[in-house]
$ cat entry-v3.txt   # compact mmCIF, N, CA and C atoms and all ligand atoms
# COMPACT_ATOMS: atom_id res chain seq x y z
N MET G 133 4.94 89.35 -45.18
CA MET G 133 4.65 89.41 -43.75
C MET G 133 5.17 88.13 -43.11
N SER G 134 5.93 88.26 -42.04
CA SER G 134 6.46 87.07 -41.38
C SER G 134 5.38 86.42 -40.54
N SER G 135 5.62 85.16 -40.17
CA SER G 135 4.60 84.43 -39.41
C SER G 135 4.41 85.02 -38.01
N SER G 136 5.48 85.58 -37.42
CA SER G 136 5.32 86.17 -36.09
C SER G 136 4.45 87.43 -36.15
N ASN G 137 4.57 88.18 -37.24
CA ASN G 137 3.68 89.35 -37.40
C ASN G 137 2.24 88.91 -37.56
N LEU G 138 2.00 87.82 -38.31
CA LEU G 138 0.65 87.32 -38.51
C LEU G 138 0.05 86.83 -37.20
N VAL G 139 0.83 86.10 -36.40
CA VAL G 139 0.36 85.62 -35.09
C VAL G 139 0.02 86.81 -34.20
N GLU G 140 0.87 87.83 -34.22
CA GLU G 140 0.62 89.01 -33.40
C GLU G 140 -0.65 89.73 -33.85
N GLN G 141 -0.87 89.77 -35.20
CA GLN G 141 -2.07 90.42 -35.72
C GLN G 141 -3.32 89.65 -35.30
N ILE G 142 -3.27 88.32 -35.34
CA ILE G 142 -4.43 87.51 -34.93
C ILE G 142 -4.69 87.70 -33.45
N LYS G 143 -3.62 87.78 -32.63
CA LYS G 143 -3.81 88.00 -31.20
C LYS G 143 -4.51 89.33 -30.96
N ASN G 144 -4.15 90.34 -31.76
CA ASN G 144 -4.75 91.66 -31.59
C ASN G 144 -6.21 91.70 -32.03
N THR G 145 -6.60 90.84 -32.97
CA THR G 145 -7.98 90.86 -33.46
C THR G 145 -8.84 89.80 -32.82
N SER G 146 -8.31 88.96 -31.95
CA SER G 146 -9.10 87.95 -31.26
C SER G 146 -9.74 88.58 -30.03
N LYS G 147 -10.97 88.20 -29.79
CA LYS G 147 -11.70 88.73 -28.64
C LYS G 147 -12.32 87.58 -27.88
N LYS G 148 -12.35 87.69 -26.56
CA LYS G 148 -13.09 86.76 -25.71
C LYS G 148 -14.39 87.44 -25.32
N THR G 149 -15.53 86.80 -25.58
CA THR G 149 -16.80 87.38 -25.19
C THR G 149 -17.08 87.02 -23.74
N SER G 150 -18.14 87.66 -23.20
CA SER G 150 -18.49 87.40 -21.80
C SER G 150 -18.96 85.97 -21.59
N LYS G 151 -19.40 85.30 -22.68
CA LYS G 151 -19.87 83.91 -22.55
C LYS G 151 -18.76 82.91 -22.80
N GLY G 152 -17.52 83.38 -22.97
CA GLY G 152 -16.40 82.47 -23.13
C GLY G 152 -16.12 82.06 -24.55
N ASN G 153 -16.85 82.61 -25.54
CA ASN G 153 -16.59 82.28 -26.94
C ASN G 153 -15.40 83.08 -27.43
N THR G 154 -14.61 82.50 -28.29
CA THR G 154 -13.50 83.20 -28.90
C THR G 154 -13.89 83.60 -30.31
N ILE G 155 -13.79 84.90 -30.59
CA ILE G 155 -14.11 85.41 -31.92
C ILE G 155 -12.81 85.83 -32.57
N VAL G 156 -12.50 85.26 -33.72
CA VAL G 156 -11.29 85.60 -34.46
C VAL G 156 -11.71 86.29 -35.74
N ILE G 157 -11.21 87.51 -35.95
CA ILE G 157 -11.55 88.26 -37.15
C ILE G 157 -10.33 88.23 -38.06
N THR G 158 -10.42 87.54 -39.19
CA THR G 158 -9.29 87.41 -40.11
C THR G 158 -9.75 87.75 -41.50
N GLY G 159 -9.12 88.73 -42.12
CA GLY G 159 -9.41 89.09 -43.50
C GLY G 159 -10.87 89.41 -43.74
N GLY G 160 -11.54 90.01 -42.77
CA GLY G 160 -12.94 90.37 -42.94
C GLY G 160 -13.90 89.26 -42.59
N HIS G 161 -13.42 88.06 -42.30
CA HIS G 161 -14.29 86.94 -41.92
C HIS G 161 -14.27 86.78 -40.41
N THR G 162 -15.39 86.48 -39.83
CA THR G 162 -15.50 86.24 -38.41
C THR G 162 -15.72 84.76 -38.18
N ILE G 163 -14.88 84.15 -37.39
CA ILE G 163 -15.01 82.73 -37.10
C ILE G 163 -15.30 82.59 -35.62
N ILE G 164 -16.40 81.95 -35.28
CA ILE G 164 -16.73 81.73 -33.88
C ILE G 164 -16.46 80.27 -33.58
N SER G 165 -15.58 80.05 -32.63
CA SER G 165 -15.17 78.69 -32.37
C SER G 165 -16.22 77.90 -31.62
N GLN G 166 -17.05 78.58 -30.83
CA GLN G 166 -18.03 77.85 -30.04
C GLN G 166 -19.25 78.73 -29.82
N PHE G 167 -20.43 78.21 -30.11
CA PHE G 167 -21.66 78.93 -29.87
C PHE G 167 -22.20 78.56 -28.51
N GLY G 168 -22.95 79.48 -27.91
CA GLY G 168 -23.59 79.22 -26.63
C GLY G 168 -25.04 78.81 -26.84
N PRO G 169 -25.76 78.58 -25.75
CA PRO G 169 -27.16 78.16 -25.88
C PRO G 169 -28.11 79.30 -26.24
N GLU G 170 -27.66 80.55 -26.04
CA GLU G 170 -28.53 81.71 -26.29
C GLU G 170 -28.19 82.34 -27.65
N THR G 171 -29.08 83.22 -28.12
CA THR G 171 -28.81 83.94 -29.36
C THR G 171 -27.62 84.87 -29.17
N GLN G 172 -26.93 85.15 -30.26
CA GLN G 172 -25.75 86.00 -30.20
C GLN G 172 -25.82 87.03 -31.33
N ILE G 173 -25.19 88.17 -31.11
CA ILE G 173 -25.10 89.18 -32.16
C ILE G 173 -23.71 89.08 -32.76
N LEU G 174 -23.63 88.89 -34.06
CA LEU G 174 -22.34 88.75 -34.73
C LEU G 174 -22.44 89.18 -36.19
N ARG G 175 -21.28 89.32 -36.81
CA ARG G 175 -21.23 89.64 -38.24
C ARG G 175 -21.22 88.31 -38.99
N CYS G 176 -22.24 88.14 -39.82
CA CYS G 176 -22.39 86.89 -40.57
C CYS G 176 -21.28 86.78 -41.61
N PRO G 177 -20.57 85.65 -41.69
CA PRO G 177 -19.51 85.50 -42.69
C PRO G 177 -20.04 85.36 -44.11
N TYR G 178 -21.35 85.11 -44.28
CA TYR G 178 -21.92 84.93 -45.62
C TYR G 178 -22.47 86.23 -46.18
N CYS G 179 -23.32 86.95 -45.39
CA CYS G 179 -23.94 88.17 -45.91
C CYS G 179 -23.28 89.43 -45.37
N LYS G 180 -22.35 89.30 -44.43
CA LYS G 180 -21.56 90.42 -43.87
C LYS G 180 -22.39 91.41 -43.06
N HIS G 181 -23.62 91.05 -42.67
CA HIS G 181 -24.44 91.94 -41.85
C HIS G 181 -24.27 91.60 -40.37
N MET G 182 -24.35 92.63 -39.51
CA MET G 182 -24.42 92.38 -38.07
C MET G 182 -25.84 91.93 -37.79
N ALA G 183 -26.00 90.74 -37.28
CA ALA G 183 -27.35 90.22 -37.06
C ALA G 183 -27.36 89.33 -35.82
N GLN G 184 -28.53 89.25 -35.22
CA GLN G 184 -28.71 88.34 -34.10
C GLN G 184 -29.03 86.96 -34.65
N THR G 185 -28.42 85.94 -34.07
CA THR G 185 -28.64 84.59 -34.58
C THR G 185 -30.03 84.11 -34.18
N ILE G 186 -30.58 83.24 -35.00
CA ILE G 186 -31.84 82.56 -34.71
C ILE G 186 -31.47 81.18 -34.20
N VAL G 187 -31.98 80.79 -33.05
CA VAL G 187 -31.65 79.50 -32.45
C VAL G 187 -32.82 78.55 -32.63
N ARG G 188 -32.51 77.37 -33.18
CA ARG G 188 -33.54 76.33 -33.36
C ARG G 188 -33.08 75.08 -32.63
N PRO G 189 -33.85 74.61 -31.65
CA PRO G 189 -33.46 73.39 -30.94
C PRO G 189 -33.72 72.15 -31.79
N SER G 190 -32.87 71.15 -31.60
CA SER G 190 -33.06 69.87 -32.29
C SER G 190 -32.60 68.76 -31.36
N ALA G 191 -33.26 67.61 -31.46
CA ALA G 191 -32.94 66.47 -30.59
C ALA G 191 -31.54 65.96 -30.90
N ALA G 192 -30.79 65.66 -29.85
CA ALA G 192 -29.43 65.14 -29.99
C ALA G 192 -29.41 63.68 -29.55
N VAL G 193 -28.27 63.06 -29.72
CA VAL G 193 -28.11 61.66 -29.29
C VAL G 193 -28.36 61.56 -27.78
N LYS G 194 -27.86 62.54 -27.02
CA LYS G 194 -28.06 62.52 -25.56
C LYS G 194 -29.54 62.64 -25.20
N THR G 195 -30.30 63.38 -26.03
CA THR G 195 -31.74 63.52 -25.79
C THR G 195 -32.42 62.16 -25.91
N HIS G 196 -32.05 61.41 -26.97
CA HIS G 196 -32.63 60.07 -27.16
C HIS G 196 -32.19 59.13 -26.04
N LEU G 197 -30.93 59.23 -25.60
CA LEU G 197 -30.44 58.36 -24.52
C LEU G 197 -31.17 58.64 -23.22
N MET G 198 -31.40 59.93 -22.92
CA MET G 198 -32.11 60.27 -21.69
C MET G 198 -33.53 59.73 -21.72
N SER G 199 -34.17 59.82 -22.88
CA SER G 199 -35.53 59.30 -23.03
C SER G 199 -35.55 57.78 -22.85
N ALA G 200 -34.58 57.10 -23.45
CA ALA G 200 -34.50 55.64 -23.33
C ALA G 200 -34.23 55.24 -21.88
N LEU G 201 -33.37 56.00 -21.21
CA LEU G 201 -33.05 55.72 -19.81
C LEU G 201 -34.28 55.87 -18.93
N LEU G 202 -35.08 56.92 -19.17
CA LEU G 202 -36.31 57.11 -18.41
C LEU G 202 -37.29 55.97 -18.68
N CYS G 203 -37.34 55.48 -19.91
CA CYS G 203 -38.21 54.36 -20.26
C CYS G 203 -37.79 53.10 -19.51
N MET G 204 -36.47 52.86 -19.46
CA MET G 204 -35.96 51.65 -18.80
C MET G 204 -36.11 51.70 -17.30
N CYS G 205 -36.18 52.90 -16.73
CA CYS G 205 -36.33 53.07 -15.28
C CYS G 205 -37.80 53.13 -14.87
N CYS G 206 -38.67 52.56 -15.68
CA CYS G 206 -40.10 52.50 -15.39
C CYS G 206 -40.75 53.87 -15.28
N CYS G 207 -40.16 54.89 -15.88
CA CYS G 207 -40.76 56.22 -15.93
C CYS G 207 -41.17 56.52 -17.36
N TRP G 208 -41.88 55.55 -17.98
CA TRP G 208 -42.18 55.71 -19.40
C TRP G 208 -43.09 56.90 -19.66
N LEU G 209 -43.86 57.33 -18.65
CA LEU G 209 -44.70 58.52 -18.83
C LEU G 209 -43.84 59.79 -18.96
N CYS G 210 -42.66 59.77 -18.33
CA CYS G 210 -41.76 60.94 -18.38
C CYS G 210 -40.77 60.86 -19.53
N SER G 211 -40.84 59.80 -20.33
CA SER G 211 -39.83 59.62 -21.38
C SER G 211 -39.89 60.70 -22.46
N CYS G 212 -40.99 61.42 -22.56
CA CYS G 212 -41.07 62.49 -23.57
C CYS G 212 -40.49 63.81 -23.05
N CYS G 213 -40.21 63.89 -21.75
CA CYS G 213 -39.73 65.15 -21.16
C CYS G 213 -38.45 65.68 -21.81
N PRO G 214 -37.43 64.84 -22.11
CA PRO G 214 -36.23 65.40 -22.76
C PRO G 214 -36.51 66.08 -24.09
N TYR G 215 -37.60 65.68 -24.77
CA TYR G 215 -37.95 66.32 -26.05
C TYR G 215 -38.71 67.63 -25.85
N LEU G 216 -39.20 67.87 -24.63
CA LEU G 216 -39.95 69.09 -24.35
C LEU G 216 -39.10 70.15 -23.68
N ILE G 217 -38.00 69.73 -23.05
CA ILE G 217 -37.13 70.67 -22.34
C ILE G 217 -36.02 71.10 -23.30
N GLN G 218 -35.97 72.41 -23.61
CA GLN G 218 -35.00 72.89 -24.60
C GLN G 218 -33.55 72.75 -24.13
N SER G 219 -33.32 72.75 -22.82
CA SER G 219 -31.95 72.62 -22.34
C SER G 219 -31.40 71.21 -22.51
N CYS G 220 -32.25 70.25 -22.92
CA CYS G 220 -31.82 68.88 -23.20
C CYS G 220 -31.61 68.65 -24.69
N MET G 221 -31.53 69.72 -25.47
CA MET G 221 -31.41 69.57 -26.92
C MET G 221 -30.26 70.40 -27.45
N ASP G 222 -29.74 70.00 -28.63
CA ASP G 222 -28.75 70.83 -29.34
C ASP G 222 -29.45 72.09 -29.83
N ARG G 223 -28.64 73.14 -30.09
CA ARG G 223 -29.23 74.37 -30.64
C ARG G 223 -28.41 74.82 -31.85
N SER G 224 -29.09 74.90 -32.97
CA SER G 224 -28.44 75.35 -34.22
C SER G 224 -28.62 76.85 -34.34
N HIS G 225 -27.53 77.55 -34.68
CA HIS G 225 -27.57 79.00 -34.85
C HIS G 225 -27.62 79.32 -36.34
N TYR G 226 -28.58 80.17 -36.73
CA TYR G 226 -28.73 80.62 -38.10
C TYR G 226 -28.66 82.13 -38.13
N CYS G 227 -28.16 82.68 -39.23
CA CYS G 227 -28.09 84.13 -39.39
C CYS G 227 -29.50 84.70 -39.42
N GLY G 228 -29.72 85.81 -38.69
CA GLY G 228 -31.03 86.45 -38.66
C GLY G 228 -31.36 87.18 -39.95
N ASN G 229 -30.36 87.43 -40.78
CA ASN G 229 -30.59 88.16 -42.03
C ASN G 229 -30.75 87.22 -43.23
N CYS G 230 -29.76 86.33 -43.44
CA CYS G 230 -29.80 85.47 -44.63
C CYS G 230 -30.17 84.01 -44.30
N HIS G 231 -30.36 83.70 -43.02
CA HIS G 231 -30.76 82.38 -42.54
C HIS G 231 -29.76 81.27 -42.87
N SER G 232 -28.49 81.62 -43.05
CA SER G 232 -27.46 80.62 -43.28
C SER G 232 -27.11 79.94 -41.96
N PHE G 233 -26.78 78.66 -42.05
CA PHE G 233 -26.36 77.93 -40.85
C PHE G 233 -24.98 78.41 -40.45
N LEU G 234 -24.81 78.79 -39.17
CA LEU G 234 -23.55 79.34 -38.70
C LEU G 234 -22.81 78.38 -37.76
N GLY G 235 -23.54 77.61 -36.99
CA GLY G 235 -22.89 76.71 -36.06
C GLY G 235 -23.89 76.08 -35.12
N LYS G 236 -23.37 75.23 -34.24
CA LYS G 236 -24.26 74.47 -33.35
C LYS G 236 -23.71 74.46 -31.94
N TYR G 237 -24.59 74.61 -30.96
CA TYR G 237 -24.25 74.41 -29.57
C TYR G 237 -24.66 73.00 -29.21
N ARG G 238 -23.71 72.22 -28.76
CA ARG G 238 -24.00 70.82 -28.44
C ARG G 238 -24.37 70.69 -26.97
N PHE G 239 -25.48 70.01 -26.71
CA PHE G 239 -25.96 69.75 -25.36
C PHE G 239 -25.02 68.81 -24.67
ZN ZN G 301 -26.11 86.19 -43.00

$ encode --input "entry-v3.txt" --output "structure tokens"
Amino acid sequence: MSSSNLVEQIKNTSKKTSKGNTIVITGGHTIISQFGPETQILRCPYCKHMAQTIVRPSAAVKTHLMSALLCMCCCWLCSCCPYLIQSCMDRSHYCGNCHSFLGKYRF
């Protein structure tokens, strides 16, 4: 198979989702280049099942910086807010079937 045929085949199997993620299906494996903040339905590359991802928030460097900034601005009572607001945290996506780590949405 020539490289131009392979490029054409990848173009035909690539899809853009409504959330702007690019899904490339190659040789039965699905590679998602970017995860969003919400759960997604996809074919897991490890267990091969169609499953909805499980999203777990985790504190990021920006979360700690926002908290430190609030502390320095004399709002030390509000410094815990970035840890309570999920939109201020990274979100790790795990397979809903086998619980394998699939990717991360960075805040
Ligand atoms: Zn899985």

$ closest_residue --input "entry-v3.txt" --among "G:Tyr178, G:Cys212, G:Gly168, G:Gln184" --to "ligand ZN 301 (chain G)" --atoms "only N, CA and C atoms and all ligand atoms"
G:Tyr178

$ residues_around --input "entry-v3.txt" --residues "Pro169 in chain G" --least-positions-apart "5" --cutoff "8 Å" --atoms "all atoms listed in the file" --output "list in words"
Val187, Asp222, Arg223, Lys236, Tyr237 and Arg238 of chain G

$ residues_near_ligand --input "entry-v3.txt" --ligand "ligand ZN 301 (chain G)" --cutoff "7 Å" --atoms "all atoms listed in the file" --output "ChimeraX atom specification"
/G:175-181,226-232

$ atom_distance --input "entry-v3.txt" --atom1 "atom N of Phe239 in chain G" --atom2 "atom N of Leu197 in chain G"
12.1 Å

$ atom_distance --input "entry-v3.txt" --atom1 "CA of Leu202 in chain G" --atom2 "CA of Tyr215 in chain G"
12.1 Å

$ closest_residue --input "entry-v3.txt" --among "G:Phe233, G:Pro214, G:Cys205, G:His225" --to "Thr185 in chain G" --atoms "only N, CA and C atoms"
G:His225

$ atom_distance --input "entry-v3.txt" --atom1 "CA of Thr195 in chain G" --atom2 "atom C of Phe167 in chain G"
18.0 Å

$ axis_aligned_box --input "entry-v3.txt" --around "range 174-182 of chain G" --padding-each-side "3 Å" --output "lines of an AutoDock Vina configuration file"
center_x = -22.7
center_y = 88.8
center_z = -40.1
size_x = 12.3
size_y = 13.7
size_z = 18.1

$ select_by_dssp --input "entry-v3.txt" --residues "range 173-225 of chain G" --states "strand (DSSP E)" --output "JSON, numbers by chain"
{"G": [173, 174, 175, 182, 183, 184, 186, 187, 188, 189, 190, 222, 223, 224, 225]}
